[in-house]
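Okay, so here's the structure we're looking at.
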Amino acid sequence: MKLWQKDTTVTAKQIENFTVGNDRDFDLLLAPYDVQGTLAHIQMLHEAGLLTQADHHVLKQELEQILSEIRSGDFIIEPEVEDIHSQIELMLTRRVGDAGKKIHTGRSRNDQVAVDIKLFLRDELLQIKDQTASLFDILAGLSEQHRNVLMPGYTHLQVAMPSSFGLWFGAYAESLCDDLDVLATAYRIVNKNPLGSGAGYGSSFPLNRVRTTSLLGFASMHYNSVYAQMSRGRTEHSVAVALAAIGATLGRLSMDVCLYLSQNFDFISFPDALTTGSSIMPHKKNPDLFELVRGKCSRLQSLPNELTLLRHNLPSGYHRDVQLTKEILFPALTALHDCLNIMAYALPQIKVRKDILEDDKYRYLFTVEAINKLVSSGVPFREAYRQVGNNVAAGNFSYEGFEPGSHTHEGSMGNLGNNEIRYAFGKVLRQFD
């Protein structure tokens with residue numbers, strides 16, 4: 001069955017297979033949202049006098065039954081049915097007769113799929129928001145817990161200045177704060193109602209788009225019917241930018257973890273249950289989960305570009321190209337959910353070394369502290385820099401003000417700012433309300 005099928009419609013099987021592609025599989029994710037959109041649409045049609053009380057009652061009852069079947073896993077898209085929209089209309093027509101043929105009044109498959117995707121993405125973004133908030137809390141907690149445990153800071157992968165695990169964890173917590181801001185922007189773009197825009201040119205029926213916007217819980221609507229269709233692809237691109245932002249933070253954190261787990265650094269460790277072994281080297285404890293997070297999140301970086309290329313040369317109006325946004329974006333959402341979940345599972349089990357700076361190779365971390373000590377005694381900065389630099393070159397640099405394991409050097413490491421970061425994160429979270 002096809003929504004555009006007529007008595008004389010004949011489509012070559014090869015064409016049908018190519019145009020439908022993998023859409024049926026992705027449409028199963030949209031099934032509950034298609035029902036929700038249809039429930040709102042028929043409520044509006046009834047209130048506008050376009051659907052009788054009797055038809056509305058029987059359609060509402062049957063749609064709620066179909067929604068129950070979807071949620072219980074007893075729903076399929078039949079092999080000869082083109083998409084989720086056709087399947088639900090077919091089921092209604094079989095069960096309630098001609099009333100089922102009335103649900104498409106004033107609606108196009110274009111605005112129907114657009115509202116399905118908006119509703120689906122809205123729920124997905126809220127779930128990602130919650131997962132990101134959980135990971136933020138973990139990182140902020142680890143930052144507080146290890147605020148005074150020193151570790152070497154690096155620039156250019158060279159030993160630079162003293163840092164702390166508190167700063168390291170806190171940096172990624174603050175990065176997630178910025179990422180959530182990007183996600184909130186995507187959420188605002190998603191949270192607009194396209195239903196009632198039809199094929200992009202509205203309808204001569206007296207449709208109440210304000211009513212469906214309210215029934216579906218959207219913050220606002222796409223007011224221009226042409227732009228409502230043009231938002232396909234752009235909406236998905238906004239979401240992709242947000243996924244890529246979170247992915248960049250997770251990927252970089254994973255790279256740090258892989259580096260610091262290696263024997264050459266040996267800054268951190270995890271329980272054996274979180275690592276994997278080698279088929280030939282019995283001593284190996286590989287950070288596979290972090291390597292896979294790094295790899296999956298690297299793939300997320302391609303999303304915005306792929307969606308840009310898909311839509312960059314399209315004129316106004318609807319084009320079938322945008323169907324491909326599903327197979328680009330939907331698997332990426334699953335990948336990010338998985339990455340956020342595994343990071344939230346693994347990171348609380350991290351163990352940090354507390355004696356790292358006792359190794360003599362880290363003595364140069366304190367050259368700046370030595371300079372500052374001279375400056376505090378009245379030596380000009382440039383002269384102090386020269387003196388310390390000459391000592392380093394001569395191999396006789398030492399910094400007596402540092403006692404490994406007891407001196408936190410809080411001043412040289414800067415303010416952790418965890419309370420301020422938590423406040424900023426909470427402020428961003430409220431954008432989703």
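Letters for chains follow the order of the structure tokens (A, B, ...), residue numbers begin at 1 for each chain, and ligand numbers begin at 1 in the order shown.
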Using only C-alpha atoms, determine which residues lie at most 12 Å from A:Glu78, disregarding the query and same-chain residues fewer than 6 positions distant; provide the list as a ChimeraX atom specification.
-> /A:1-2,24-25,27-28,84-88,90-91
Contacts of A:Gln349 at 8 Å or less, counting only C-alpha atoms, minus same-chain residues fewer than 3 places along, as number ranges by chain?
-> A: 270-271, 345-346
Name the residues of stretch 171-400 of chain A that fall into helix (DSSP H, G or I) according to DSSP on the backbone, using the chain letters and numbers of this document, as a ChimeraX atom specification.
-> /A:171-190,209-215,225-261,272-274,288-300,303-311,320-349,356-358,360-376,381-394
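Among A:Ala199, A:Leu183, A:Ala219, A:Val58, the residue with the shortest atom-to-atom distance to A:Val96, counting only C-alpha atoms, is A:Val58.
Those residues that approach stretch 425-433 of chain A to within 9 Å, counting only C-alpha atoms, are Leu126, Lys129, Ala133, Phe136, Glu174, Leu176, Cys177, Asp178, Leu180, Asp181, Ala184, Thr185, Tyr187 and Arg188 of chain A; same-chain residues fewer than 6 positions away are not listed.
With only C-alpha atoms taken into account, the protein and nucleic acid residues at most 9 Å from A:Leu63 (excluding it and anything under 5 positions from it in its own chain) are Val35, Gln36, Thr38, Leu39, Val58, Ser68, Ile88 and Leu92 of chain A.
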